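S.K.: Dropping a structure here in structure tokens format, bear with me for questions.
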Amino acid sequence: MVTKQKSIINRILKNTERPLSRDEILVKGREYLPRLGSATVDRFIKQMCENFELVGLSFPGQPTRYELPAEKEHPHFICRVCEKVFDLDIPMRLPKVTLPDGFNLSGGEVVYSGNCPKCDGKI
Ligand SMILES: [Zn+2]
């Protein structure tokens with residue numbers, strides 16, 4: 001079932017050029033639905049992640065950010081000033097790794113860091 005809230009979350013992520021944290025989704029969601037509750041957003045994020053309609057990205061010391069599943073693997077860029085995470089539209093493949101016994105691979109991530117255009121010159 002596609003609910004209004006879920007289609008709003010979808011639209012927000014489609015219209016943004018970067019992965020968003022739950023708080024950013026909530027703030028933008030309230031532009032469409034002023035009474036959107038944070039528990040509702042949490043519930044839909046959880047549900048959409050379980051259905052693989054949403055992908056969570058976590059970086060150390062950062063809130064988890066979400067994006068729609070990408071058609072191709074792409075690296076991310078994290079701004080050291082504003083801490084926003086951006087998608088880099090660069091096709092790339094992660095190298096295959098062979099893990100030691102007992103390790104289970106569930107994902108991989110290439111992250112570059114530096115300054116975004118808005119924060120250029122602030123460090
Ligand atoms: Zn920045």
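Every chain in the structure tokens takes a letter, A first, then B, and so on in the order presented; its residues are numbered from 1, and the ligands are numbered from 1 following the presented order.
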Which protein, DNA or RNA residues have an atom within 10 Å of ligand 1, counting only C-alpha atoms and all ligand atoms, as a PyMOL selection string?
M.R.: chain A and resi 78-86+114-120+122
S.K.: Keeping only N, CA and C atoms, write the selected residues to a file as a PDB file, in the first residue's frame.
M.R.:
ATOM      1  N   ILE A  78      31.757  13.446   1.643  1.00  0.00           N
ATOM      2  CA  ILE A  78      31.277  14.061   2.877  1.00  0.00           C
ATOM      3  C   ILE A  78      32.020  15.377   3.099  1.00  0.00           C
ATOM      4  N   CYS A  79      31.243  16.434   3.345  1.00  0.00           N
ATOM      5  CA  CYS A  79      31.841  17.754   3.566  1.00  0.00           C
ATOM      6  C   CYS A  79      32.275  17.841   5.028  1.00  0.00           C
ATOM      7  N   ARG A  80      33.515  18.194   5.259  1.00  0.00           N
ATOM      8  CA  ARG A  80      34.043  18.252   6.623  1.00  0.00           C
ATOM      9  C   ARG A  80      33.543  19.480   7.382  1.00  0.00           C
ATOM     10  N   VAL A  81      32.973  20.438   6.676  1.00  0.00           N
ATOM     11  CA  VAL A  81      32.474  21.647   7.357  1.00  0.00           C
ATOM     12  C   VAL A  81      31.002  21.464   7.745  1.00  0.00           C
ATOM     13  N   CYS A  82      30.139  21.248   6.769  1.00  0.00           N
ATOM     14  CA  CYS A  82      28.705  21.161   7.091  1.00  0.00           C
ATOM     15  C   CYS A  82      28.264  19.713   7.320  1.00  0.00           C
ATOM     16  N   GLU A  83      29.147  18.760   7.063  1.00  0.00           N
ATOM     17  CA  GLU A  83      28.897  17.336   7.297  1.00  0.00           C
ATOM     18  C   GLU A  83      27.785  16.767   6.431  1.00  0.00           C
ATOM     19  N   LYS A  84      27.425  17.470   5.356  1.00  0.00           N
ATOM     20  CA  LYS A  84      26.447  16.900   4.421  1.00  0.00           C
ATOM     21  C   LYS A  84      27.132  15.838   3.574  1.00  0.00           C
ATOM     22  N   VAL A  85      26.327  14.881   3.136  1.00  0.00           N
ATOM     23  CA  VAL A  85      26.849  13.803   2.301  1.00  0.00           C
ATOM     24  C   VAL A  85      26.262  13.959   0.897  1.00  0.00           C
ATOM     25  N   PHE A  86      27.112  13.873  -0.112  1.00  0.00           N
ATOM     26  CA  PHE A  86      26.676  14.042  -1.500  1.00  0.00           C
ATOM     27  C   PHE A  86      26.936  12.761  -2.290  1.00  0.00           C
ATOM     28  N   GLY A 114      36.113  16.357   2.037  1.00  0.00           N
ATOM     29  CA  GLY A 114      36.704  17.655   1.705  1.00  0.00           C
ATOM     30  C   GLY A 114      35.675  18.732   1.965  1.00  0.00           C
ATOM     31  N   ASN A 115      35.649  19.756   1.102  1.00  0.00           N
ATOM     32  CA  ASN A 115      34.691  20.847   1.260  1.00  0.00           C
ATOM     33  C   ASN A 115      33.689  20.819   0.120  1.00  0.00           C
ATOM     34  N   CYS A 116      32.418  21.030   0.431  1.00  0.00           N
ATOM     35  CA  CYS A 116      31.419  21.163  -0.626  1.00  0.00           C
ATOM     36  C   CYS A 116      31.510  22.595  -1.175  1.00  0.00           C
ATOM     37  N   PRO A 117      30.868  22.875  -2.335  1.00  0.00           N
ATOM     38  CA  PRO A 117      30.979  24.224  -2.922  1.00  0.00           C
ATOM     39  C   PRO A 117      30.552  25.344  -1.969  1.00  0.00           C
ATOM     40  N   LYS A 118      29.511  25.085  -1.161  1.00  0.00           N
ATOM     41  CA  LYS A 118      29.024  26.107  -0.227  1.00  0.00           C
ATOM     42  C   LYS A 118      30.039  26.414   0.861  1.00  0.00           C
ATOM     43  N   CYS A 119      30.814  25.412   1.235  1.00  0.00           N
ATOM     44  CA  CYS A 119      31.740  25.573   2.349  1.00  0.00           C
ATOM     45  C   CYS A 119      33.172  25.784   1.875  1.00  0.00           C
ATOM     46  N   ASP A 120      33.353  25.979   0.589  1.00  0.00           N
ATOM     47  CA  ASP A 120      34.701  26.141   0.054  1.00  0.00           C
ATOM     48  C   ASP A 120      35.380  27.351   0.705  1.00  0.00           C
ATOM     49  N   LYS A 122      36.244  27.625   3.828  1.00  0.00           N
ATOM     50  CA  LYS A 122      35.989  27.790   5.267  1.00  0.00           C
ATOM     51  C   LYS A 122      36.988  27.062   6.138  1.00  0.00           C
TER      52      LYS A 122
END
S.K.: Leaving out stretch 23-35 of chain A and any residue of its chain fewer than 5 positions from it, which residues lie within 9 Å of it when counting only C-alpha atoms, given as an mmCIF file with N, CA and C atoms, in the first residue's frame?
M.R.:
data_model
loop_
_atom_site.group_PDB
_atom_site.id
_atom_site.type_symbol
_atom_site.label_atom_id
_atom_site.label_comp_id
_atom_site.auth_asym_id
_atom_site.auth_seq_id
_atom_site.Cartn_x
_atom_site.Cartn_y
_atom_site.Cartn_z
ATOM 1 N N GLN A 5 2.226 9.541 3.187
ATOM 2 C CA GLN A 5 3.505 9.828 3.834
ATOM 3 C C GLN A 5 4.669 9.191 3.086
ATOM 4 N N ILE A 8 5.496 10.915 -0.078
ATOM 5 C CA ILE A 8 6.186 12.181 0.182
ATOM 6 C C ILE A 8 7.675 11.933 0.452
ATOM 7 N N ILE A 9 7.970 10.918 1.246
ATOM 8 C CA ILE A 9 9.373 10.582 1.522
ATOM 9 C C ILE A 9 10.085 10.240 0.212
ATOM 10 N N ILE A 12 10.686 13.475 -1.775
ATOM 11 C CA ILE A 12 11.749 14.286 -1.191
ATOM 12 C C ILE A 12 13.118 13.736 -1.604
ATOM 13 N N LEU A 13 13.255 12.406 -1.513
ATOM 14 C CA LEU A 13 14.553 11.811 -1.836
ATOM 15 C C LEU A 13 14.836 11.850 -3.337
ATOM 16 N N VAL A 41 7.654 9.307 10.462
ATOM 17 C CA VAL A 41 8.814 9.274 9.561
ATOM 18 C C VAL A 41 9.708 8.083 9.913
ATOM 19 N N TYR A 66 19.785 8.523 4.290
ATOM 20 C CA TYR A 66 19.038 7.609 3.433
ATOM 21 C C TYR A 66 18.987 8.106 2.001
#
S.K.: Give me, as a PyMOL selection string, the residues of chain A that a backbone DSSP run labels alpha helix (DSSP H).
M.R.: chain A and resi 4-15+22-32+38-50
S.K.: For the residues selected in the previous step, produce a file with N, CA and C atoms as an mmCIF file, in the first residue's frame.
M.R.:
data_model
loop_
_atom_site.group_PDB
_atom_site.id
_atom_site.type_symbol
_atom_site.label_atom_id
_atom_site.label_comp_id
_atom_site.auth_asym_id
_atom_site.auth_seq_id
_atom_site.Cartn_x
_atom_site.Cartn_y
_atom_site.Cartn_z
ATOM 1 N N LYS A 4 0.228 8.298 1.656
ATOM 2 C CA LYS A 4 0.621 9.663 1.358
ATOM 3 C C LYS A 4 2.016 9.975 1.925
ATOM 4 N N GLN A 5 2.226 9.541 3.187
ATOM 5 C CA GLN A 5 3.505 9.828 3.834
ATOM 6 C C GLN A 5 4.669 9.191 3.086
ATOM 7 N N LYS A 6 4.436 7.948 2.661
ATOM 8 C CA LYS A 6 5.505 7.224 1.981
ATOM 9 C C LYS A 6 5.819 7.866 0.629
ATOM 10 N N SER A 7 4.792 8.292 -0.077
ATOM 11 C CA SER A 7 5.067 8.901 -1.379
ATOM 12 C C SER A 7 5.750 10.259 -1.200
ATOM 13 N N ILE A 8 5.496 10.915 -0.078
ATOM 14 C CA ILE A 8 6.186 12.181 0.182
ATOM 15 C C ILE A 8 7.675 11.933 0.452
ATOM 16 N N ILE A 9 7.970 10.918 1.246
ATOM 17 C CA ILE A 9 9.373 10.582 1.522
ATOM 18 C C ILE A 9 10.085 10.240 0.212
ATOM 19 N N ASN A 10 9.405 9.472 -0.621
ATOM 20 C CA ASN A 10 9.951 9.130 -1.933
ATOM 21 C C ASN A 10 10.238 10.372 -2.765
ATOM 22 N N ARG A 11 9.272 11.279 -2.775
ATOM 23 C CA ARG A 11 9.423 12.475 -3.591
ATOM 24 C C ARG A 11 10.575 13.350 -3.086
ATOM 25 N N ILE A 12 10.686 13.475 -1.775
ATOM 26 C CA ILE A 12 11.749 14.286 -1.191
ATOM 27 C C ILE A 12 13.118 13.736 -1.604
ATOM 28 N N LEU A 13 13.255 12.406 -1.513
ATOM 29 C CA LEU A 13 14.553 11.811 -1.836
ATOM 30 C C LEU A 13 14.836 11.850 -3.337
ATOM 31 N N LYS A 14 13.790 11.826 -4.130
ATOM 32 C CA LYS A 14 13.973 11.902 -5.575
ATOM 33 C C LYS A 14 14.396 13.303 -5.974
ATOM 34 N N ASN A 15 13.872 14.298 -5.260
ATOM 35 C CA ASN A 15 14.134 15.688 -5.621
ATOM 36 C C ASN A 15 15.421 16.243 -5.033
ATOM 37 N N ARG A 22 17.361 11.437 8.814
ATOM 38 C CA ARG A 22 15.961 11.369 9.228
ATOM 39 C C ARG A 22 15.433 12.767 9.563
ATOM 40 N N ASP A 23 16.259 13.589 10.239
ATOM 41 C CA ASP A 23 15.811 14.941 10.595
ATOM 42 C C ASP A 23 15.580 15.798 9.351
ATOM 43 N N GLU A 24 16.463 15.640 8.362
ATOM 44 C CA GLU A 24 16.292 16.409 7.126
ATOM 45 C C GLU A 24 15.027 15.969 6.390
ATOM 46 N N ILE A 25 14.758 14.665 6.412
ATOM 47 C CA ILE A 25 13.532 14.152 5.783
ATOM 48 C C ILE A 25 12.310 14.724 6.497
ATOM 49 N N LEU A 26 12.394 14.772 7.824
ATOM 50 C CA LEU A 26 11.282 15.287 8.619
ATOM 51 C C LEU A 26 11.010 16.764 8.299
ATOM 52 N N VAL A 27 12.066 17.577 8.268
ATOM 53 C CA VAL A 27 11.907 19.014 7.998
ATOM 54 C C VAL A 27 11.312 19.230 6.605
ATOM 55 N N LYS A 28 11.857 18.512 5.622
ATOM 56 C CA LYS A 28 11.340 18.670 4.255
ATOM 57 C C LYS A 28 9.926 18.099 4.140
ATOM 58 N N GLY A 29 9.660 17.010 4.846
ATOM 59 C CA GLY A 29 8.344 16.389 4.802
ATOM 60 C C GLY A 29 7.275 17.324 5.322
ATOM 61 N N ARG A 30 7.642 18.128 6.318
ATOM 62 C CA ARG A 30 6.663 19.054 6.904
ATOM 63 C C ARG A 30 6.323 20.201 5.969
ATOM 64 N N GLU A 31 7.161 20.402 4.921
ATOM 65 C CA GLU A 31 6.799 21.411 3.920
ATOM 66 C C GLU A 31 5.589 20.926 3.121
ATOM 67 N N TYR A 32 5.442 19.610 3.019
ATOM 68 C CA TYR A 32 4.291 19.042 2.290
ATOM 69 C C TYR A 32 3.133 18.753 3.237
ATOM 70 N N SER A 38 7.333 12.803 13.843
ATOM 71 C CA SER A 38 8.643 12.167 13.718
ATOM 72 C C SER A 38 8.535 10.653 13.851
ATOM 73 N N ALA A 39 7.592 10.158 14.669
ATOM 74 C CA ALA A 39 7.427 8.714 14.804
ATOM 75 C C ALA A 39 6.956 8.114 13.476
ATOM 76 N N THR A 40 6.127 8.866 12.762
ATOM 77 C CA THR A 40 5.642 8.392 11.454
ATOM 78 C C THR A 40 6.809 8.272 10.480
ATOM 79 N N VAL A 41 7.654 9.307 10.462
ATOM 80 C CA VAL A 41 8.814 9.274 9.561
ATOM 81 C C VAL A 41 9.708 8.083 9.913
ATOM 82 N N ASP A 42 9.957 7.888 11.205
ATOM 83 C CA ASP A 42 10.784 6.741 11.634
ATOM 84 C C ASP A 42 10.184 5.424 11.162
ATOM 85 N N ARG A 43 8.874 5.304 11.313
ATOM 86 C CA ARG A 43 8.204 4.062 10.946
ATOM 87 C C ARG A 43 8.334 3.802 9.441
ATOM 88 N N PHE A 44 8.134 4.836 8.633
ATOM 89 C CA PHE A 44 8.224 4.643 7.185
ATOM 90 C C PHE A 44 9.653 4.378 6.739
ATOM 91 N N ILE A 45 10.604 5.065 7.367
ATOM 92 C CA ILE A 45 12.001 4.824 7.005
ATOM 93 C C ILE A 45 12.348 3.365 7.278
ATOM 94 N N LYS A 46 11.946 2.879 8.441
ATOM 95 C CA LYS A 46 12.244 1.497 8.816
ATOM 96 C C LYS A 46 11.602 0.522 7.823
ATOM 97 N N GLN A 47 10.333 0.784 7.552
ATOM 98 C CA GLN A 47 9.592 -0.076 6.641
ATOM 99 C C GLN A 47 10.200 -0.075 5.228
ATOM 100 N N MET A 48 10.559 1.105 4.755
ATOM 101 C CA MET A 48 11.110 1.206 3.404
ATOM 102 C C MET A 48 12.489 0.570 3.322
ATOM 103 N N CYS A 49 13.269 0.651 4.395
ATOM 104 C CA CYS A 49 14.581 -0.010 4.406
ATOM 105 C C CYS A 49 14.397 -1.523 4.358
ATOM 106 N N GLU A 50 13.427 -2.018 5.104
ATOM 107 C CA GLU A 50 13.177 -3.460 5.122
ATOM 108 C C GLU A 50 12.720 -3.965 3.757
#
S.K.: Got a sec: who's within 9 Å of A:Leu94, counting only C-alpha atoms, leaving out chain neighbours fewer than 3 positions off, as a VMD selection string?
M.R.: chain A and resid 73 97 108 to 110
S.K.: Would you put the residues from that selection into a file with C-alpha atoms, as a PDB file, in the first residue's frame?
M.R.:
ATOM      1  CA  GLU A  73      27.317   1.888  -7.444  1.00  0.00           C
ATOM      2  CA  VAL A  97      37.350  -8.897  -1.316  1.00  0.00           C
ATOM      3  CA  GLY A 108      30.823  -1.570   1.080  1.00  0.00           C
ATOM      4  CA  GLU A 109      31.247   2.123   0.689  1.00  0.00           C
ATOM      5  CA  VAL A 110      33.707   4.502  -0.936  1.00  0.00           C
TER       6      VAL A 110
END
S.K.: What's the separation between atom CA of A:Arg93 and atom CA of A:Pro69, in Å to one decimal place?
M.R.: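 Going from atom CA of A:Arg93 over to atom CA of A:Pro69 covers 15.7 Å.
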S.K.: Can you list every residue in chain A that DSSP puts in strand (DSSP E or B), as number ranges by chain?
M.R.: A: 20-21, 55-57, 65-67, 76-79, 85-87, 111-114
S.K.: With C-alpha atoms retained, export the selected residues as a tab-separated table (two decimals), in the first residue's frame.
M.R.:
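Listed below is the output, selection-v7.tsv:
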chain	number	residue	atom	x	y	z
A	20	LEU	CA	19.27	12.86	3.77
A	21	SER	CA	19.21	12.18	7.48
A	55	VAL	CA	19.18	2.47	1.53
A	56	GLY	CA	20.75	3.67	4.76
A	57	LEU	CA	24.31	5.02	4.77
A	65	ARG	CA	21.41	9.07	5.95
A	66	TYR	CA	19.04	7.61	3.43
A	67	GLU	CA	18.81	7.48	-0.32
A	76	HIS	CA	29.92	9.50	-1.71
A	77	PHE	CA	31.51	12.75	-0.65
A	78	ILE	CA	31.28	14.06	2.88
A	79	CYS	CA	31.84	17.75	3.57
A	85	VAL	CA	26.85	13.80	2.30
A	86	PHE	CA	26.68	14.04	-1.50
A	87	ASP	CA	26.38	11.45	-4.23
A	111	VAL	CA	33.73	7.89	0.76
A	112	TYR	CA	35.71	10.94	-0.21
A	113	SER	CA	35.89	13.98	1.99
A	114	GLY	CA	36.70	17.65	1.71
S.K.: Could you pull the residues within 10 Å of A:Lys72, counting only C-alpha atoms, minus those fewer than 6 positions along the same chain, as JSON, numbers by chain?
M.R.: {"A": [89, 90, 91, 92, 93]}
S.K.: With N, CA and C atoms retained, export the selected residues as an mmCIF file, in the first residue's frame.
M.R.:
data_model
loop_
_atom_site.group_PDB
_atom_site.id
_atom_site.type_symbol
_atom_site.label_atom_id
_atom_site.label_comp_id
_atom_site.auth_asym_id
_atom_site.auth_seq_id
_atom_site.Cartn_x
_atom_site.Cartn_y
_atom_site.Cartn_z
ATOM 1 N N ASP A 89 28.492 11.302 -9.000
ATOM 2 C CA ASP A 89 28.020 10.581 -10.176
ATOM 3 C C ASP A 89 29.209 10.061 -10.982
ATOM 4 N N ILE A 90 29.933 9.157 -10.376
ATOM 5 C CA ILE A 90 31.120 8.591 -11.002
ATOM 6 C C ILE A 90 30.940 7.082 -10.984
ATOM 7 N N PRO A 91 30.911 6.462 -12.149
ATOM 8 C CA PRO A 91 30.749 5.010 -12.119
ATOM 9 C C PRO A 91 31.982 4.347 -11.531
ATOM 10 N N MET A 92 31.776 3.494 -10.594
ATOM 11 C CA MET A 92 32.912 2.757 -10.049
ATOM 12 C C MET A 92 32.452 1.452 -9.435
ATOM 13 N N ARG A 93 33.347 0.528 -9.394
ATOM 14 C CA ARG A 93 33.038 -0.758 -8.793
ATOM 15 C C ARG A 93 33.978 -0.988 -7.633
#
S.K.: Go ahead and compute the interatomic distance for atom CA of A:Lys96 and atom CA of A:Asn51, in Å to one decimal.
M.R.: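 Interatomic distance, atom CA of A:Lys96 to atom CA of A:Asn51: 25.7 Å.
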S.K.: Have a look at atom CA of A:Arg18 and atom CA of A:Pro63 and let me know their distance in Å, one decimal.
M.R.: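 Answer for the atom CA of A:Arg18 to atom CA of A:Pro63 separation: 14.1 Å.
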